[in-house]
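Structure first, commentary second.
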Amino acid sequence: MRKFIIIILSITTIITIFLLNNPSAKAENAIYVATNGNDQNDGTKSSPFRTLNKAASQATSGTTVYIREGTYQEQLYIKHSGTKSKPIVFTAYNNEDVTLTREDDVNVEGDTALIMIDSKNYITINGLTLENLSTNLADETVMGIFITGSSSHITIENNHVRNIETHAEDGNAHGIAAYGTQKMTDIYIKNNLLEDLKLGASESLVLNGNIEGFYVEDNTIRRSDNIGIDLIGYEGVATEKNADYVREGTVRNNHIYDVSSYGNPAYGEDYSAGGIYVDGGKDISIEKNTIHNADIGIEATSEHAGKYAENINIIDNIVYNNNLTGISIGGYDEDRGGTINSTIARNIMYRNDTKGLGGGQLLLQHDTKNNFIEKNILTAGPSHLFIANYFTTNASNSLRRNVFHKEEGKDGIWVWKDEELTVFSDFVDASNSDIQSSYIDPDYENEDDYNFELKDDSPAKEIIFE
């Protein structure tokens with residue numbers, strides 16, 4: 001056995017020495033693009049191409065396209081697919097500053113993206129800045145990155161998307177969009193910064209249609225005038241009607257702030273932009289995200305009657321200082337769908353409803369059934385409202401071991417099935433909460449600095465963590 005290990009190590013060493021002394025072997029499938037290049041060149045580091053689309057036409061399985069520093073005023077269309085063992089990668093060379101942009105407004109109806117991936121597989125886009133794409137047309141959608149068709153095994157990471165804008169009153173724009181017209185799988189969107197977006201009726205980062213299996217992690221979204229992250233179903237995007245919804249994915253550790261629809265021409269004076277919004281998705285985990293200074297922290301429902309956000313796990317998130325509410329489930333009126341078989345657990349909902357709009361910390365709306373609401377800590381905002389439930393169309397929702405922050409000189413308010421309650425025990429009876437739900441001071445470590453860890457002697461610890 002020892003001799004066998006020595007042989008393996010020796011082979012590894014030989015290969016390593018060979019690669020170090022033969023750099024052309026490592027770069028065999030590398031293509032280079034530079035602003036001082038020429039598309040008549042051979043695409044090597046010393047003789048790079050000039051345009052991204054020339055590189056895309058030459059990039060086949062196993063190719064890495066290294067983009068040198070500079071601004072590229074062109075749209076990149078991915079032309080070939082990679083494979084599992086040999087993906088195609090488009091990346092900034094050595095972390096250089098690479099920008100894709102377009103100087104003029106888009107004036108042709110349809111969809112325009114700085115990067116388009118249509119029915120391609122095993123593609124990675126890494127380390128690029130996408131900026132300054134805009135339109136005045138209502139029937140044009142502008143996007144930083146657009147993934148569509150049956151594209152699968154796509155990784156979008158470490159990119160910066162900014163100033164993607166629609167100026168039309170009824171227009172649409174996205175920072176990053178994935179539309180599964182056919183089945184998509186394995187969509188990874190990680191560690192991107194999206195900011196300063198004018199979205200009209202659309203969203204900063206959206207997955208819509210027939211998408212099964214995705215990860216949206218470690219992204220920052222800020223200063224946008226509509227929804228931060230949206231996971232959508234039942235809008236007629238997919239050709240297969242029964243699979244027209246986003247499912248089996250994770251939204252984790254994203255930071256979303258300064259997101260509001262107020263002043264957006266499509267919404268006027270409405271505060272309706274969610275930090276994270278599940279609109280008809282299924283089997284999705286939303287965990288360890290931080291959302292503040294949005295309109296709604298996290299929302300899960302369906303805008304289509306008879307359809308649901310189902311099996312949505314909203315766990316370990318921190319939502320604070322949002323305009324309307326912290327977490328919302330259920331349809332906003334009786335013509336919408338609802339939320340079923342979902343869990344809201346171990347979240348911090350802190351001083352939301354800053355505009356006094358009646359959303360409280362937790363908003364339960366139309367058609368919510370068989371949901372578990374447990375081990376959350378809620379601190380009321382200026383409205384003193386903890387839970388707002390103005391609908392009677394909900395049933396079999398279980399409230400267990402939640403902690404409502406009792407503050408000296410402030411009386412809490414709970415609304416349950418359109419009845420306002422100001423005594424905690426009355427709320428417990430009306431909502432059928434378990435006896436371990438408490439109205440106490442959770443004793444945060446330092447709430448002035450938004451540090452919501454619990455002190456060692458916090459009375460909430462044995463309620464939340466047991």
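A note on labels: chains of the structure tokens are A, B, ... as shown, every chain counts residues from 1, and ligands are counted from 1 in their shown order.
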
Handout entry: Nearby residues (only C-alpha atoms) at most 7 Å from region 208-215 of chain A, same-chain spacing under 6 positions excluded, as a PyMOL selection string
Key = chain A and resi 178-189+231-233+237-238+243-251

Take the residues from that selection and write them out as a PDB file, in the first residue's frame, keeping N, CA and C atoms.
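Heads up, here's the output in again.pdb:
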ATOM      1  N   ALA A 178     -33.420  34.937 -15.403  1.00  0.00           N
ATOM      2  CA  ALA A 178     -33.440  33.582 -15.962  1.00  0.00           C
ATOM      3  C   ALA A 178     -34.888  33.227 -16.239  1.00  0.00           C
ATOM      4  N   TYR A 179     -35.219  32.996 -17.498  1.00  0.00           N
ATOM      5  CA  TYR A 179     -36.577  32.653 -17.916  1.00  0.00           C
ATOM      6  C   TYR A 179     -36.551  31.264 -18.550  1.00  0.00           C
ATOM      7  N   GLY A 180     -37.071  30.297 -17.811  1.00  0.00           N
ATOM      8  CA  GLY A 180     -37.084  28.933 -18.303  1.00  0.00           C
ATOM      9  C   GLY A 180     -38.272  28.687 -19.203  1.00  0.00           C
ATOM     10  N   THR A 181     -38.135  28.976 -20.484  1.00  0.00           N
ATOM     11  CA  THR A 181     -39.210  28.671 -21.421  1.00  0.00           C
ATOM     12  C   THR A 181     -39.324  27.155 -21.606  1.00  0.00           C
ATOM     13  N   GLN A 182     -38.179  26.472 -21.529  1.00  0.00           N
ATOM     14  CA  GLN A 182     -38.119  25.023 -21.411  1.00  0.00           C
ATOM     15  C   GLN A 182     -37.443  24.719 -20.079  1.00  0.00           C
ATOM     16  N   LYS A 183     -37.263  23.461 -19.760  1.00  0.00           N
ATOM     17  CA  LYS A 183     -36.740  23.135 -18.441  1.00  0.00           C
ATOM     18  C   LYS A 183     -35.281  23.570 -18.287  1.00  0.00           C
ATOM     19  N   MET A 184     -35.023  24.326 -17.222  1.00  0.00           N
ATOM     20  CA  MET A 184     -33.675  24.703 -16.814  1.00  0.00           C
ATOM     21  C   MET A 184     -33.335  23.980 -15.521  1.00  0.00           C
ATOM     22  N   THR A 185     -32.067  23.634 -15.357  1.00  0.00           N
ATOM     23  CA  THR A 185     -31.600  23.051 -14.105  1.00  0.00           C
ATOM     24  C   THR A 185     -30.254  23.666 -13.730  1.00  0.00           C
ATOM     25  N   ASP A 186     -29.985  23.649 -12.437  1.00  0.00           N
ATOM     26  CA  ASP A 186     -28.676  24.053 -11.917  1.00  0.00           C
ATOM     27  C   ASP A 186     -28.284  25.456 -12.373  1.00  0.00           C
ATOM     28  N   ILE A 187     -28.989  26.437 -11.832  1.00  0.00           N
ATOM     29  CA  ILE A 187     -28.670  27.840 -12.063  1.00  0.00           C
ATOM     30  C   ILE A 187     -28.032  28.385 -10.784  1.00  0.00           C
ATOM     31  N   TYR A 188     -26.799  28.850 -10.887  1.00  0.00           N
ATOM     32  CA  TYR A 188     -26.055  29.357  -9.737  1.00  0.00           C
ATOM     33  C   TYR A 188     -25.802  30.851  -9.932  1.00  0.00           C
ATOM     34  N   ILE A 189     -26.303  31.672  -9.006  1.00  0.00           N
ATOM     35  CA  ILE A 189     -26.088  33.118  -9.066  1.00  0.00           C
ATOM     36  C   ILE A 189     -25.495  33.525  -7.724  1.00  0.00           C
ATOM     37  N   LEU A 231     -38.899  34.955  -7.432  1.00  0.00           N
ATOM     38  CA  LEU A 231     -38.969  33.562  -7.874  1.00  0.00           C
ATOM     39  C   LEU A 231     -40.407  33.312  -8.272  1.00  0.00           C
ATOM     40  N   ILE A 232     -40.670  33.111  -9.574  1.00  0.00           N
ATOM     41  CA  ILE A 232     -42.009  33.280 -10.112  1.00  0.00           C
ATOM     42  C   ILE A 232     -42.529  32.008 -10.769  1.00  0.00           C
ATOM     43  N   GLY A 233     -43.844  31.839 -10.675  1.00  0.00           N
ATOM     44  CA  GLY A 233     -44.522  30.761 -11.377  1.00  0.00           C
ATOM     45  C   GLY A 233     -45.847  31.198 -11.961  1.00  0.00           C
ATOM     46  N   VAL A 237     -44.715  31.635 -18.918  1.00  0.00           N
ATOM     47  CA  VAL A 237     -43.370  31.696 -19.498  1.00  0.00           C
ATOM     48  C   VAL A 237     -42.979  30.360 -20.135  1.00  0.00           C
ATOM     49  N   ALA A 238     -43.270  29.262 -19.446  1.00  0.00           N
ATOM     50  CA  ALA A 238     -42.833  27.939 -19.896  1.00  0.00           C
ATOM     51  C   ALA A 238     -43.799  27.348 -20.916  1.00  0.00           C
ATOM     52  N   ALA A 243     -45.327  22.722 -15.601  1.00  0.00           N
ATOM     53  CA  ALA A 243     -44.005  22.943 -14.988  1.00  0.00           C
ATOM     54  C   ALA A 243     -43.618  24.417 -15.026  1.00  0.00           C
ATOM     55  N   ASP A 244     -44.595  25.280 -15.122  1.00  0.00           N
ATOM     56  CA  ASP A 244     -44.336  26.714 -15.276  1.00  0.00           C
ATOM     57  C   ASP A 244     -44.158  27.392 -13.917  1.00  0.00           C
ATOM     58  N   TYR A 245     -43.194  26.920 -13.151  1.00  0.00           N
ATOM     59  CA  TYR A 245     -42.919  27.542 -11.854  1.00  0.00           C
ATOM     60  C   TYR A 245     -41.497  27.202 -11.403  1.00  0.00           C
ATOM     61  N   VAL A 246     -40.923  28.081 -10.617  1.00  0.00           N
ATOM     62  CA  VAL A 246     -39.570  27.911 -10.084  1.00  0.00           C
ATOM     63  C   VAL A 246     -39.629  27.033  -8.842  1.00  0.00           C
ATOM     64  N   ARG A 247     -38.664  26.094  -8.702  1.00  0.00           N
ATOM     65  CA  ARG A 247     -38.766  25.110  -7.623  1.00  0.00           C
ATOM     66  C   ARG A 247     -37.395  24.548  -7.246  1.00  0.00           C
ATOM     67  N   GLU A 248     -37.375  23.961  -6.039  1.00  0.00           N
ATOM     68  CA  GLU A 248     -36.220  23.216  -5.534  1.00  0.00           C
ATOM     69  C   GLU A 248     -34.935  24.045  -5.567  1.00  0.00           C
ATOM     70  N   GLY A 249     -34.977  25.155  -4.833  1.00  0.00           N
ATOM     71  CA  GLY A 249     -33.801  26.016  -4.800  1.00  0.00           C
ATOM     72  C   GLY A 249     -33.575  26.644  -3.449  1.00  0.00           C
ATOM     73  N   THR A 250     -32.461  27.357  -3.350  1.00  0.00           N
ATOM     74  CA  THR A 250     -32.048  28.001  -2.112  1.00  0.00           C
ATOM     75  C   THR A 250     -31.674  29.449  -2.367  1.00  0.00           C
ATOM     76  N   VAL A 251     -32.166  30.330  -1.503  1.00  0.00           N
ATOM     77  CA  VAL A 251     -31.800  31.745  -1.503  1.00  0.00           C
ATOM     78  C   VAL A 251     -31.165  32.016  -0.146  1.00  0.00           C
TER      79      VAL A 251
END

Practice task
Show which residues sit within 6 Å of Asn394 (chain A), as a PyMOL selection string. Count only C-alpha atoms, and ignore same-chain residues fewer than 5 positions away.
Solution key: chain A and resi 367-369

Store the residues picked out above, limited to N, CA and C atoms, as a PDB file, in the first residue's frame.
ATOM      1  N   ASP A 367     -55.860  33.417   2.110  1.00  0.00           N
ATOM      2  CA  ASP A 367     -55.632  32.015   1.740  1.00  0.00           C
ATOM      3  C   ASP A 367     -54.272  31.495   2.218  1.00  0.00           C
ATOM      4  N   THR A 368     -54.102  31.459   3.519  1.00  0.00           N
ATOM      5  CA  THR A 368     -52.915  30.841   4.126  1.00  0.00           C
ATOM      6  C   THR A 368     -53.373  29.613   4.908  1.00  0.00           C
ATOM      7  N   LYS A 369     -52.761  28.474   4.592  1.00  0.00           N
ATOM      8  CA  LYS A 369     -53.196  27.221   5.213  1.00  0.00           C
ATOM      9  C   LYS A 369     -52.000  26.339   5.552  1.00  0.00           C
TER      10      LYS A 369
END

Kindly provide the residues of region 59-126 of chain A that approach region 131-154 of chain A to within 6 Å, each paired with its closest atom pair and their distance in Å to one decimal, based on only C-alpha atoms, listed by chain and increasing number, as a tab-separated table.
residue	atom	partner	partner_atom	distance
A:Thr101	CA	A:Glu131	CA	5.3
A:Arg102	CA	A:Leu133	CA	5.8
A:Asp105	CA	A:Thr135	CA	5.0
A:Val106	CA	A:Thr135	CA	4.8
A:Glu109	CA	A:Glu140	CA	4.6
A:Gly110	CA	A:Glu140	CA	4.7
A:Asp111	CA	A:Thr141	CA	4.8
A:Thr112	CA	A:Val142	CA	4.9
A:Ala113	CA	A:Met143	CA	4.5
A:Leu114	CA	A:Gly144	CA	5.2
A:Ile115	CA	A:Ile145	CA	4.8
A:Met116	CA	A:Phe146	CA	5.0
A:Ile117	CA	A:Ile147	CA	4.7
A:Asp118	CA	A:Thr148	CA	4.9
A:Ser119	CA	A:Ser151	CA	4.1
A:Lys120	CA	A:Ser151	CA	4.6
A:Asn121	CA	A:Ser152	CA	4.9
A:Tyr122	CA	A:His153	CA	4.7
A:Ile123	CA	A:Ile154	CA	5.0
A:Thr124	CA	A:Ile154	CA	5.9

Practice task
Give me the residues within 7 Å of region 296-313 of chain A as a PyMOL selection string, counting only C-alpha atoms and dropping any in the same chain fewer than 3 places off.
Solution key: chain A and resi 272-286+291-292+319+322-331+335-344

Practice task
Please give the complete set of residues from region 110-341 of chain A that DSSP, run on the backbone, assigns to strand (DSSP E or B), formatted as a ChimeraX atom specification.
Solution key: /A:110-118,121-126,129-135,140-148,152-157,160-166,172-190,193-198,200,205-217,220-224,229-233,245-252,255-259,274-279,282-287,290-294,296-301,308-315,318-320,325-329,331,338-340

Problem - Atom pair CA of Ala294 (chain A) / CA of Tyr234 (chain A): separation (Å) - result: 25.3 Å

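Of the residues listed (A:Ile377, A:Gln361, A:Gly228, A:Phe427), A:Ile377 shows the shortest atom-to-atom separation from Arg401 (chain A); distances use only C-alpha atoms.
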